[in-house]
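Everything below belongs to coords_1.pdb, which stores PDB, C-alpha atoms.
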MODEL        1
ATOM      1  CA  MET A   1      49.448  16.035 -14.749
ATOM      2  CA  LEU A   2      47.083  18.319 -12.825
ATOM      3  CA  ARG A   3      44.443  17.978 -15.545
ATOM      4  CA  VAL A   4      44.718  14.177 -15.442
ATOM      5  CA  ALA A   5      44.300  14.225 -11.664
ATOM      6  CA  VAL A   6      41.182  16.403 -11.900
ATOM      7  CA  VAL A   7      39.648  14.088 -14.476
ATOM      8  CA  PHE A   8      40.468  11.060 -12.309
ATOM      9  CA  VAL A   9      38.834  12.637  -9.255
ATOM     10  CA  ALA A  10      35.782  13.580 -11.315
ATOM     11  CA  LEU A  11      35.412  10.029 -12.599
ATOM     12  CA  ILE A  12      35.550   8.692  -9.049
ATOM     13  CA  CYS A  13      33.046  11.236  -7.751
ATOM     14  CA  PHE A  14      30.510  10.578 -10.458
ATOM     15  CA  SER A  15      30.900   6.859 -10.953
ATOM     16  CA  PRO A  16      27.920   4.712  -9.947
ATOM     17  CA  SER A  17      29.919   3.046  -7.170
ATOM     18  CA  ALA A  18      30.599   6.415  -5.556
ATOM     19  CA  MET A  19      27.014   7.615  -5.661
ATOM     20  CA  ALA A  20      24.825   7.371  -2.574
ATOM     21  CA  ASP A  21      23.071   4.041  -2.155
ATOM     22  CA  PRO A  22      19.418   4.600  -3.199
ATOM     23  CA  LEU A  23      18.256   1.610  -1.104
ATOM     24  CA  PRO A  24      20.358   1.654   2.079
ATOM     25  CA  SER A  25      17.913  -0.516   4.064
ATOM     26  CA  TRP A  26      18.170  -3.357   1.530
ATOM     27  CA  HIS A  27      20.850  -6.034   1.860
ATOM     28  CA  ALA A  28      23.115  -6.525  -1.132
ATOM     29  CA  GLY A  29      21.778  -9.410  -3.169
ATOM     30  CA  GLU A  30      19.551 -10.429  -6.053
ATOM     31  CA  ALA A  31      16.507  -8.404  -4.993
ATOM     32  CA  LYS A  32      18.370  -5.124  -4.603
ATOM     33  CA  GLN A  33      20.418  -5.782  -7.726
ATOM     34  CA  ARG A  34      17.353  -6.516  -9.849
ATOM     35  CA  ILE A  35      15.505  -3.425  -8.648
ATOM     36  CA  ILE A  36      18.411  -1.053  -9.247
ATOM     37  CA  GLY A  37      19.287  -2.690 -12.560
ATOM     38  CA  PHE A  38      15.696  -2.347 -13.755
ATOM     39  CA  VAL A  39      15.350   1.293 -12.690
ATOM     40  CA  GLU A  40      18.686   2.296 -14.190
ATOM     41  CA  SER A  41      17.886   0.510 -17.445
ATOM     42  CA  VAL A  42      14.440   2.035 -18.038
ATOM     43  CA  SER A  43      15.557   5.546 -17.068
ATOM     44  CA  ASP A  44      18.749   5.657 -19.189
ATOM     45  CA  PRO A  45      18.079   7.150 -22.659
ATOM     46  CA  SER A  46      21.075   5.261 -24.050
ATOM     47  CA  ASP A  47      19.778   1.888 -22.851
ATOM     48  CA  ALA A  48      17.832  -0.424 -25.177
ATOM     49  CA  ASN A  49      15.182  -0.802 -22.461
ATOM     50  CA  PHE A  50      14.665   2.931 -21.966
ATOM     51  CA  VAL A  51      11.070   3.898 -21.153
ATOM     52  CA  PRO A  52       9.914   7.519 -21.571
ATOM     53  CA  ALA A  53       9.080   9.274 -18.319
ATOM     54  CA  ASP A  54       5.345   9.497 -19.063
ATOM     55  CA  GLN A  55       5.233   5.687 -19.225
ATOM     56  CA  ARG A  56       7.339   5.118 -16.095
ATOM     57  CA  ILE A  57       4.466   4.166 -13.796
ATOM     58  CA  ALA A  58       4.813   2.097 -10.623
ATOM     59  CA  VAL A  59       1.879   0.846  -8.568
ATOM     60  CA  PHE A  60       1.911  -0.555  -5.040
ATOM     61  CA  ASP A  61      -0.583  -2.400  -2.934
ATOM     62  CA  ASN A  62      -0.805  -0.852   0.549
ATOM     63  CA  ASP A  63      -1.731  -3.409   3.224
ATOM     64  CA  GLY A  64       1.198  -5.776   3.680
ATOM     65  CA  THR A  65       3.210  -4.103   0.914
ATOM     66  CA  LEU A  66       3.792  -0.552   2.142
ATOM     67  CA  TRP A  67       2.633  -0.956   5.740
ATOM     68  CA  ALA A  68       1.848  -3.857   8.053
ATOM     69  CA  GLU A  69      -1.490  -5.657   8.097
ATOM     70  CA  GLN A  70      -1.339  -7.987  11.087
ATOM     71  CA  PRO A  71      -3.119  -9.062  13.182
ATOM     72  CA  LEU A  72      -5.974  -7.146  11.512
ATOM     73  CA  TYR A  73      -6.238  -4.648   8.680
ATOM     74  CA  PHE A  74      -5.729  -1.253  10.272
ATOM     75  CA  GLN A  75      -8.797   0.231   8.595
ATOM     76  CA  LEU A  76     -10.927  -2.519  10.129
ATOM     77  CA  VAL A  77      -9.454  -1.697  13.555
ATOM     78  CA  PHE A  78     -10.543   1.902  12.975
ATOM     79  CA  ALA A  79     -14.028   0.784  11.884
ATOM     80  CA  ILE A  80     -14.543  -1.455  14.925
ATOM     81  CA  GLU A  81     -13.378   1.236  17.338
ATOM     82  CA  ARG A  82     -15.572   3.843  15.661
ATOM     83  CA  VAL A  83     -18.656   1.624  15.978
ATOM     84  CA  GLY A  84     -17.917   1.414  19.695
ATOM     85  CA  ALA A  85     -17.648   5.195  19.964
ATOM     86  CA  LEU A  86     -20.861   5.759  17.988
ATOM     87  CA  ALA A  87     -22.707   3.189  20.099
ATOM     88  CA  GLN A  88     -21.863   5.092  23.262
ATOM     89  CA  GLU A  89     -23.682   8.100  21.814
ATOM     90  CA  ASP A  90     -26.560   6.092  20.319
ATOM     91  CA  PRO A  91     -26.900   2.423  21.348
ATOM     92  CA  SER A  92     -29.820   2.002  18.945
ATOM     93  CA  ILE A  93     -27.343   1.621  16.043
ATOM     94  CA  LEU A  94     -26.442  -1.870  17.350
ATOM     95  CA  THR A  95     -29.068  -3.716  15.342
ATOM     96  CA  THR A  96     -27.153  -6.964  14.646
ATOM     97  CA  ASP A  97     -24.901  -9.414  16.450
ATOM     98  CA  VAL A  98     -21.953  -8.266  14.354
ATOM     99  CA  LEU A  99     -22.430  -4.620  15.323
ATOM    100  CA  ARG A 100     -22.843  -5.584  18.964
ATOM    101  CA  ALA A 101     -19.619  -7.555  18.724
ATOM    102  CA  ALA A 102     -17.853  -4.562  17.168
ATOM    103  CA  ALA A 103     -19.076  -2.259  19.936
ATOM    104  CA  ALA A 104     -17.709  -4.712  22.494
ATOM    105  CA  GLY A 105     -14.359  -4.914  20.708
ATOM    106  CA  ASP A 106     -14.992  -8.582  19.950
ATOM    107  CA  VAL A 107     -12.942  -9.097  16.769
ATOM    108  CA  GLU A 108     -13.744 -12.817  16.576
ATOM    109  CA  GLY A 109     -17.442 -12.001  16.741
ATOM    110  CA  VAL A 110     -17.054  -9.528  13.882
ATOM    111  CA  MET A 111     -15.064 -11.967  11.752
ATOM    112  CA  ALA A 112     -17.613 -14.710  12.410
ATOM    113  CA  GLY A 113     -20.006 -12.655  10.304
ATOM    114  CA  GLY A 114     -17.777 -13.168   7.263
ATOM    115  CA  LYS A 115     -17.482 -10.633   4.474
ATOM    116  CA  GLU A 116     -21.050  -9.459   5.007
ATOM    117  CA  GLY A 117     -20.326  -8.808   8.677
ATOM    118  CA  VAL A 118     -17.246  -6.763   7.884
ATOM    119  CA  LEU A 119     -19.251  -4.709   5.402
ATOM    120  CA  GLU A 120     -21.863  -4.099   8.107
ATOM    121  CA  VAL A 121     -19.184  -2.661  10.372
ATOM    122  CA  VAL A 122     -17.747  -0.568   7.544
ATOM    123  CA  ASP A 123     -21.189   0.774   6.625
ATOM    124  CA  ALA A 124     -21.943   1.730  10.217
ATOM    125  CA  SER A 125     -18.591   3.425  10.759
ATOM    126  CA  HIS A 126     -17.945   4.992   7.349
ATOM    127  CA  SER A 127     -21.321   6.366   6.221
ATOM    128  CA  GLY A 128     -23.643   9.186   7.207
ATOM    129  CA  LEU A 129     -21.017  11.925   7.150
ATOM    130  CA  SER A 130     -19.177  13.974   4.573
ATOM    131  CA  VAL A 131     -15.892  12.833   3.056
ATOM    132  CA  GLU A 132     -14.119  15.687   4.847
ATOM    133  CA  ALA A 133     -15.681  14.809   8.208
ATOM    134  CA  PHE A 134     -14.784  11.143   7.728
ATOM    135  CA  GLN A 135     -11.196  12.003   6.919
ATOM    136  CA  SER A 136     -11.018  14.208  10.012
ATOM    137  CA  GLU A 137     -12.146  11.206  12.063
ATOM    138  CA  VAL A 138      -9.424   9.059  10.474
ATOM    139  CA  ALA A 139      -6.762  11.702  11.135
ATOM    140  CA  ALA A 140      -7.814  11.993  14.777
ATOM    141  CA  TRP A 141      -7.739   8.205  15.152
ATOM    142  CA  LEU A 142      -4.240   7.999  13.670
ATOM    143  CA  ASP A 143      -3.075  10.692  16.084
ATOM    144  CA  ALA A 144      -4.497   8.872  19.115
ATOM    145  CA  SER A 145      -4.054   5.163  18.370
ATOM    146  CA  VAL A 146      -1.113   2.780  18.529
ATOM    147  CA  HIS A 147      -0.594  -0.778  17.379
ATOM    148  CA  PRO A 148      -1.326  -3.219  20.242
ATOM    149  CA  GLU A 149       1.850  -5.277  19.738
ATOM    150  CA  THR A 150       4.476  -2.723  18.729
ATOM    151  CA  GLY A 151       3.240   0.405  20.479
ATOM    152  CA  ARG A 152       3.854   2.355  17.274
ATOM    153  CA  ARG A 153       1.407   4.713  15.645
ATOM    154  CA  TYR A 154      -0.365   2.876  12.865
ATOM    155  CA  ASP A 155       1.063   5.281  10.293
ATOM    156  CA  ALA A 156       4.551   4.460  11.611
ATOM    157  CA  MET A 157       4.006   0.771  10.824
ATOM    158  CA  VAL A 158       5.341   1.436   7.344
ATOM    159  CA  TYR A 159       8.258  -0.371   5.756
ATOM    160  CA  GLN A 160      11.460   1.635   5.572
ATOM    161  CA  PRO A 161      12.815  -0.309   2.557
ATOM    162  CA  MET A 162       9.623   0.449   0.613
ATOM    163  CA  LEU A 163       9.757   4.129   1.532
ATOM    164  CA  GLU A 164      13.252   4.180   0.050
ATOM    165  CA  LEU A 165      12.033   2.406  -3.075
ATOM    166  CA  LEU A 166       9.234   4.947  -3.568
ATOM    167  CA  SER A 167      11.686   7.834  -3.284
ATOM    168  CA  TYR A 168      14.198   6.147  -5.580
ATOM    169  CA  LEU A 169      11.565   5.594  -8.242
ATOM    170  CA  ARG A 170      10.367   9.199  -8.126
ATOM    171  CA  ASP A 171      13.964  10.438  -8.291
ATOM    172  CA  SER A 172      14.265   8.292 -11.438
ATOM    173  CA  GLY A 173      11.259   9.874 -13.137
ATOM    174  CA  PHE A 174       8.558   7.409 -12.094
ATOM    175  CA  ARG A 175       5.052   8.286 -10.986
ATOM    176  CA  THR A 176       4.067   6.180  -7.988
ATOM    177  CA  TYR A 177       0.502   5.051  -7.250
ATOM    178  CA  ILE A 178      -1.266   3.082  -4.549
ATOM    179  CA  VAL A 179      -3.688   0.415  -5.822
ATOM    180  CA  SER A 180      -5.163  -1.242  -2.760
ATOM    181  CA  GLY A 181      -8.227  -2.958  -1.367
ATOM    182  CA  GLY A 182      -8.231  -0.379   1.421
ATOM    183  CA  GLY A 183     -10.745   2.439   1.346
ATOM    184  CA  VAL A 184      -9.649   5.299  -0.872
ATOM    185  CA  ASP A 185     -10.915   8.001   1.508
ATOM    186  CA  PHE A 186      -9.093   6.299   4.389
ATOM    187  CA  MET A 187      -5.738   6.003   2.591
ATOM    188  CA  ARG A 188      -5.820   9.533   1.214
ATOM    189  CA  VAL A 189      -5.596  10.877   4.753
ATOM    190  CA  PHE A 190      -1.988   9.763   5.169
ATOM    191  CA  ALA A 191      -0.669   8.679   1.747
ATOM    192  CA  GLU A 192       0.957  11.979   0.799
ATOM    193  CA  ARG A 193       2.429  12.660   4.236
ATOM    194  CA  VAL A 194       3.730   9.121   4.758
ATOM    195  CA  TYR A 195       4.524   7.910   1.225
ATOM    196  CA  GLY A 196       4.772  11.088  -0.822
ATOM    197  CA  ILE A 197       1.847   9.874  -2.965
ATOM    198  CA  PRO A 198      -0.801  12.571  -3.589
ATOM    199  CA  PRO A 199      -4.539  11.831  -3.227
ATOM    200  CA  GLU A 200      -5.154  11.712  -6.961
ATOM    201  CA  GLN A 201      -2.661   8.829  -7.237
ATOM    202  CA  VAL A 202      -4.466   6.645  -4.695
ATOM    203  CA  ILE A 203      -6.833   3.987  -6.076
ATOM    204  CA  GLY A 204      -8.847   1.975  -3.580
ATOM    205  CA  SER A 205     -12.196   0.557  -2.615
ATOM    206  CA  MET A 206     -15.100   2.999  -2.545
ATOM    207  CA  GLY A 207     -18.448   3.128  -0.817
ATOM    208  CA  ASN A 208     -21.453   4.854  -2.313
ATOM    209  CA  LEU A 209     -21.383   8.645  -2.427
ATOM    210  CA  SER A 210     -24.022  11.302  -2.910
ATOM    211  CA  TYR A 211     -23.977  14.992  -3.679
ATOM    212  CA  GLN A 212     -26.006  17.100  -1.262
ATOM    213  CA  VAL A 213     -26.297  20.722  -0.262
ATOM    214  CA  VAL A 214     -26.021  20.666   3.532
ATOM    215  CA  ASP A 215     -26.821  23.940   5.314
ATOM    216  CA  GLY A 216     -26.173  25.746   2.059
ATOM    217  CA  VAL A 217     -22.806  24.027   1.476
ATOM    218  CA  PRO A 218     -22.311  21.662  -1.500
ATOM    219  CA  THR A 219     -21.098  18.409   0.059
ATOM    220  CA  ILE A 220     -20.054  14.895  -0.940
ATOM    221  CA  MET A 221     -21.650  12.507   1.553
ATOM    222  CA  LYS A 222     -20.601   8.931   2.304
ATOM    223  CA  GLU A 223     -23.567   6.572   1.981
ATOM    224  CA  PRO A 224     -24.095   2.912   2.960
ATOM    225  CA  GLY A 225     -23.219   0.257   0.420
ATOM    226  CA  VAL A 226     -20.257  -0.599  -1.787
ATOM    227  CA  HIS A 227     -19.482   1.063  -5.095
ATOM    228  CA  PHE A 228     -16.178  -0.672  -5.932
ATOM    229  CA  ILE A 229     -13.981  -3.218  -4.125
ATOM    230  CA  ASP A 230     -10.426  -2.834  -5.403
ATOM    231  CA  ASP A 231      -9.179  -6.380  -4.985
ATOM    232  CA  LYS A 232      -8.072  -9.283  -7.189
ATOM    233  CA  ASP A 233      -9.305  -8.872 -10.787
ATOM    234  CA  ALA A 234     -10.737  -5.448  -9.943
ATOM    235  CA  LYS A 235      -7.239  -4.034  -9.444
ATOM    236  CA  PRO A 236      -6.242  -3.983 -13.138
ATOM    237  CA  ILE A 237      -9.691  -2.578 -13.902
ATOM    238  CA  GLY A 238      -9.075   0.255 -11.450
ATOM    239  CA  ILE A 239      -5.675   0.935 -13.022
ATOM    240  CA  ALA A 240      -7.110   0.962 -16.550
ATOM    241  CA  ARG A 241      -9.936   3.268 -15.468
ATOM    242  CA  ASP A 242      -7.972   5.751 -13.367
ATOM    243  CA  ILE A 243      -4.464   5.697 -14.869
ATOM    244  CA  GLY A 244      -5.032   4.595 -18.457
ATOM    245  CA  ARG A 245      -1.629   2.916 -18.829
ATOM    246  CA  ARG A 246      -0.207  -0.409 -17.740
ATOM    247  CA  PRO A 247       2.406   0.147 -15.061
ATOM    248  CA  ILE A 248       5.908  -1.146 -15.699
ATOM    249  CA  LEU A 249       6.579  -1.888 -12.020
ATOM    250  CA  VAL A 250       4.014  -3.539  -9.750
ATOM    251  CA  ALA A 251       4.453  -4.525  -6.105
ATOM    252  CA  GLY A 252       2.103  -6.559  -3.936
ATOM    253  CA  ASN A 253       2.241  -9.130  -1.167
ATOM    254  CA  SER A 254      -0.745 -11.453  -1.495
ATOM    255  CA  ASP A 255      -2.837 -13.387  -3.980
ATOM    256  CA  GLY A 256      -5.193 -10.418  -3.954
ATOM    257  CA  ASP A 257      -2.521  -8.724  -6.081
ATOM    258  CA  PHE A 258      -2.057 -11.630  -8.504
ATOM    259  CA  GLU A 259      -4.189 -10.302 -11.359
ATOM    260  CA  MET A 260      -2.601  -6.851 -11.105
ATOM    261  CA  LEU A 261       0.868  -8.386 -11.380
ATOM    262  CA  GLU A 262      -0.215 -10.766 -14.141
ATOM    263  CA  TRP A 263      -1.781  -8.036 -16.263
ATOM    264  CA  ALA A 264       1.046  -5.550 -15.892
ATOM    265  CA  THR A 265       3.912  -7.950 -16.520
ATOM    266  CA  SER A 266       2.317  -9.712 -19.487
ATOM    267  CA  ALA A 267       2.727  -6.687 -21.761
ATOM    268  CA  ASP A 268       5.685  -6.108 -24.065
ATOM    269  CA  GLY A 269       8.727  -4.189 -22.941
ATOM    270  CA  PRO A 270      10.631  -4.092 -19.659
ATOM    271  CA  ARG A 271       8.477  -5.018 -16.646
ATOM    272  CA  LEU A 272       9.147  -5.790 -13.012
ATOM    273  CA  GLY A 273       6.677  -7.621 -10.806
ATOM    274  CA  MET A 274       7.498  -7.786  -7.112
ATOM    275  CA  ILE A 275       5.996  -9.688  -4.168
ATOM    276  CA  VAL A 276       6.872  -8.861  -0.562
ATOM    277  CA  HIS A 277       7.045 -12.216   1.226
ATOM    278  CA  HIS A 278       6.505 -11.930   4.977
ATOM    279  CA  THR A 279       9.195 -14.243   6.358
ATOM    280  CA  ASP A 280      10.333 -12.272   9.412
ATOM    281  CA  ALA A 281       8.665 -13.516  12.597
ATOM    282  CA  GLU A 282      11.203 -11.646  14.761
ATOM    283  CA  ARG A 283      10.881  -8.114  13.406
ATOM    284  CA  GLU A 284       7.383  -8.362  11.942
ATOM    285  CA  TRP A 285       5.258 -11.474  11.206
ATOM    286  CA  ALA A 286       5.863 -14.612   9.159
ATOM    287  CA  TYR A 287       2.856 -15.729   7.099
ATOM    288  CA  ASP A 288       1.809 -16.770   3.621
ATOM    289  CA  ARG A 289      -0.268 -19.790   2.559
ATOM    290  CA  ASP A 290      -2.477 -20.300   5.605
ATOM    291  CA  SER A 291      -2.841 -16.716   6.764
ATOM    292  CA  HIS A 292      -6.284 -15.246   7.444
ATOM    293  CA  ILE A 293      -4.889 -11.939   6.147
ATOM    294  CA  GLY A 294      -2.577 -11.423   3.187
ATOM    295  CA  ARG A 295      -2.706 -15.047   2.043
ATOM    296  CA  LEU A 296       0.050 -15.782  -0.446
ATOM    297  CA  GLU A 297      -0.052 -19.114  -2.256
ATOM    298  CA  ARG A 298      -0.483 -18.765  -5.981
ATOM    299  CA  GLY A 299       2.040 -15.928  -6.094
ATOM    300  CA  LEU A 300       4.667 -18.118  -4.427
ATOM    301  CA  ASP A 301       3.934 -21.069  -6.696
ATOM    302  CA  GLU A 302       3.757 -19.217 -10.008
ATOM    303  CA  GLY A 303       5.633 -15.983  -9.422
ATOM    304  CA  PRO A 304       9.205 -17.184 -10.014
ATOM    305  CA  ASP A 305       8.300 -18.865 -13.317
ATOM    306  CA  ARG A 306       6.632 -15.628 -14.397
ATOM    307  CA  GLY A 307       9.835 -13.728 -13.634
ATOM    308  CA  TRP A 308       8.457 -11.949 -10.589
ATOM    309  CA  LEU A 309      10.843 -10.915  -7.858
ATOM    310  CA  ILE A 310      10.004 -12.512  -4.491
ATOM    311  CA  VAL A 311      11.371 -10.203  -1.816
ATOM    312  CA  ASP A 312      12.318 -12.125   1.327
ATOM    313  CA  MET A 313      11.638  -9.720   4.183
ATOM    314  CA  ALA A 314      13.976 -11.493   6.608
ATOM    315  CA  GLY A 315      16.789 -11.916   4.114
ATOM    316  CA  ASP A 316      16.539  -8.830   1.910
ATOM    317  CA  TRP A 317      15.768  -6.071   4.402
ATOM    318  CA  LYS A 318      18.284  -4.722   6.904
ATOM    319  CA  THR A 319      15.487  -3.064   8.830
ATOM    320  CA  VAL A 320      11.706  -3.239   8.631
ATOM    321  CA  PHE A 321      10.228  -0.125  10.252
ATOM    322  CA  PRO A 322      11.667   3.399  10.327
ATOM    323  CA  GLU A 323      13.404   4.581  13.456
ATOM    324  CA  GLN A 324      10.974   6.047  15.974
ATOM    325  CA  PRO A 325      11.245   9.848  16.161
TER     326      PRO A 325
ENDMDL
END
Encoded form (structure tokens):
Amino acid sequence: MLRVAVVFVALICFSPSAMADPLPSWHAGEAKQRIIGFVESVSDPSDANFVPADQRIAVFDNDGTLWAEQPLYFQLVFAIERVGALAQEDPSILTTDVLRAAAAGDVEGVMAGGKEGVLEVVDASHSGLSVEAFQSEVAAWLDASVHPETGRRYDAMVYQPMLELLSYLRDSGFRTYIVSGGGVDFMRVFAERVYGIPPEQVIGSMGNLSYQVVDGVPTIMKEPGVHFIDDKDAKPIGIARDIGRRPILVAGNSDGDFEMLEWATSADGPRLGMIVHHTDAEREWAYDRDSHIGRLERGLDEGPDRGWLIVDMAGDWKTVFPEQP
């Protein structure tokens, strides 16, 4: 009888229902069920859908998928503020209307310049210094700046449910990557500390670089101009170039992620495509088809028929941001 009791207790302790919830900030429902079912299936050697650990790759967009992106991409906020700081030291850098608008903190004036205007601001704020010096500037900005609407640090504007998903995937033998339109040198400042994703697993947009010996020290310098914009159809190219395997789990939030989702989920074998749909105007922002940032239209229209999971932020997440320390 004692032996039977011990076995019974052991079965209870180690049954799936008794294990800790890997996604405690997700409401019970289809989204959570599909994610856990997929992860358990591909990581169980006895399952027909088992995927070896070296092929268990998950990639995530950053802006709007892992952290917030409203009312303006956080990297662009940094760039505009840095132009203002540089202009105080040397006003002669303000050679265009867009740069003058940036120095004045006039976001509408910057955006009126379109894509070319944004690139002007990025060039002025991101070039002319070493990668290390640039990343020190980013780190200092993150330490000193807060979001104008929430009062949180920008690197605390991350999504608690997605942090849990990243940890759950790694605990299940996945390698997790960022594949984002954000600047790679910008994201690498905080990706490991905030997401647990090391610098070598961050793929992003890149400006031009040069190798120089500065005061006797070999240095990688950031130069004006664009080398690679990691958006839309460039995202699968970046994955193929830097990872060399199609991921089996892909998460995004906008039509800028469509090609990445399409390419990854079209291959044979178990695949999970996921779109974070911003539906929560109370705890975050509600936007999709008509948004100036993170526009989501084609993904909403075609995603369900392609088998992609549309995560409803308001309905699927118990909480959005982590508790403030």
>> For a test of reading the model, state the distance in Å between atom CA of A:Glu223 and atom CA of A:Ser130, rounded to one decimal.
In response: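 Result for atom CA of A:Glu223 versus atom CA of A:Ser130: 9.0 Å, one decimal.
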Cut-off 7 Å: closest stretch 26-64 of chain A/stretch 173-184 of chain A atom pairs per residue, using only C-alpha atoms, as JSON lines:
{"residue": "A:Ala53", "atom": "CA", "partner": "A:Gly173", "partner_atom": "CA", "distance": 5.7}
{"residue": "A:Arg56", "atom": "CA", "partner": "A:Phe174", "partner_atom": "CA", "distance": 4.8}
{"residue": "A:Ile57", "atom": "CA", "partner": "A:Arg175", "partner_atom": "CA", "distance": 5.0}
{"residue": "A:Ala58", "atom": "CA", "partner": "A:Thr176", "partner_atom": "CA", "distance": 4.9}
{"residue": "A:Val59", "atom": "CA", "partner": "A:Tyr177", "partner_atom": "CA", "distance": 4.6}
{"residue": "A:Phe60", "atom": "CA", "partner": "A:Ile178", "partner_atom": "CA", "distance": 4.9}
{"residue": "A:Asp61", "atom": "CA", "partner": "A:Ser180", "partner_atom": "CA", "distance": 4.7}
{"residue": "A:Asn62", "atom": "CA", "partner": "A:Ser180", "partner_atom": "CA", "distance": 5.5}
> What do you get, as a ChimeraX atom specification, if you spell out every residue that the PyMOL selection byres ((chain A and resi 76) around 12) selects here?
Replying inline: /A:63,69-75,77-83,102,105,107,110-111,115,117-126,138,181-183,186,293
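Across A:Asn253, A:Ser127, A:Ser136, A:Thr65, the tightest approach to A:Leu300 is made by A:Asn253 when counting only C-alpha atoms.
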> Expressed in Å to a single decimal, how great is the separation between atom CA of A:Met157 and atom CA of A:Phe134?
Replying inline: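 According to the coordinates, atom CA of A:Met157 and atom CA of A:Phe134 are separated by 21.7 Å.
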> Do you know which residues the PyMOL selection byres ((chain A and resi 48-51) around 12) returns on this file, as a ChimeraX atom specification?
Replying inline: /A:37-47,52-57,172-174,247-249,268-271
> By how many Å are atom CA of A:Ala20 and atom CA of A:Gly196 apart?
Replying inline: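 Separation of atom CA of A:Ala20 and atom CA of A:Gly196: 20.5 Å.
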>> Taking only C-alpha atoms into account, name the residue in A:Met206, A:Pro218, A:Met162, A:Arg245 that is nearest to A:Asp231.
In response: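 With only C-alpha atoms as the atom set, the closest residue is A:Met206.
This file, filtered with the PyMOL selection byres ((chain A and resi 94) around 12), gives the residues Val83, Gly84, Ala85, Leu86, Ala87, Gln88, Glu89, Asp90, Pro91, Ser92, Ile93, Thr95, Thr96, Asp97, Val98, Leu99, Arg100, Ala101, Ala102, Ala103, Ala104, Glu120, Val121, Ala124 and Ser125 of chain A.
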>> Using only C-alpha atoms, which protein or nucleic acid residues come within 10 Å of A:Arg289? Drop anything in the same chain fewer than 6 positions from it, and give the result as a PyMOL selection string.
In response: chain A and resi 254-255+295-300
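If you measure from each of A:Met313, A:Ile243, A:Met187, A:Leu169 to A:Ile36 using all atoms listed in the file, the closest one turns out to be A:Leu169.
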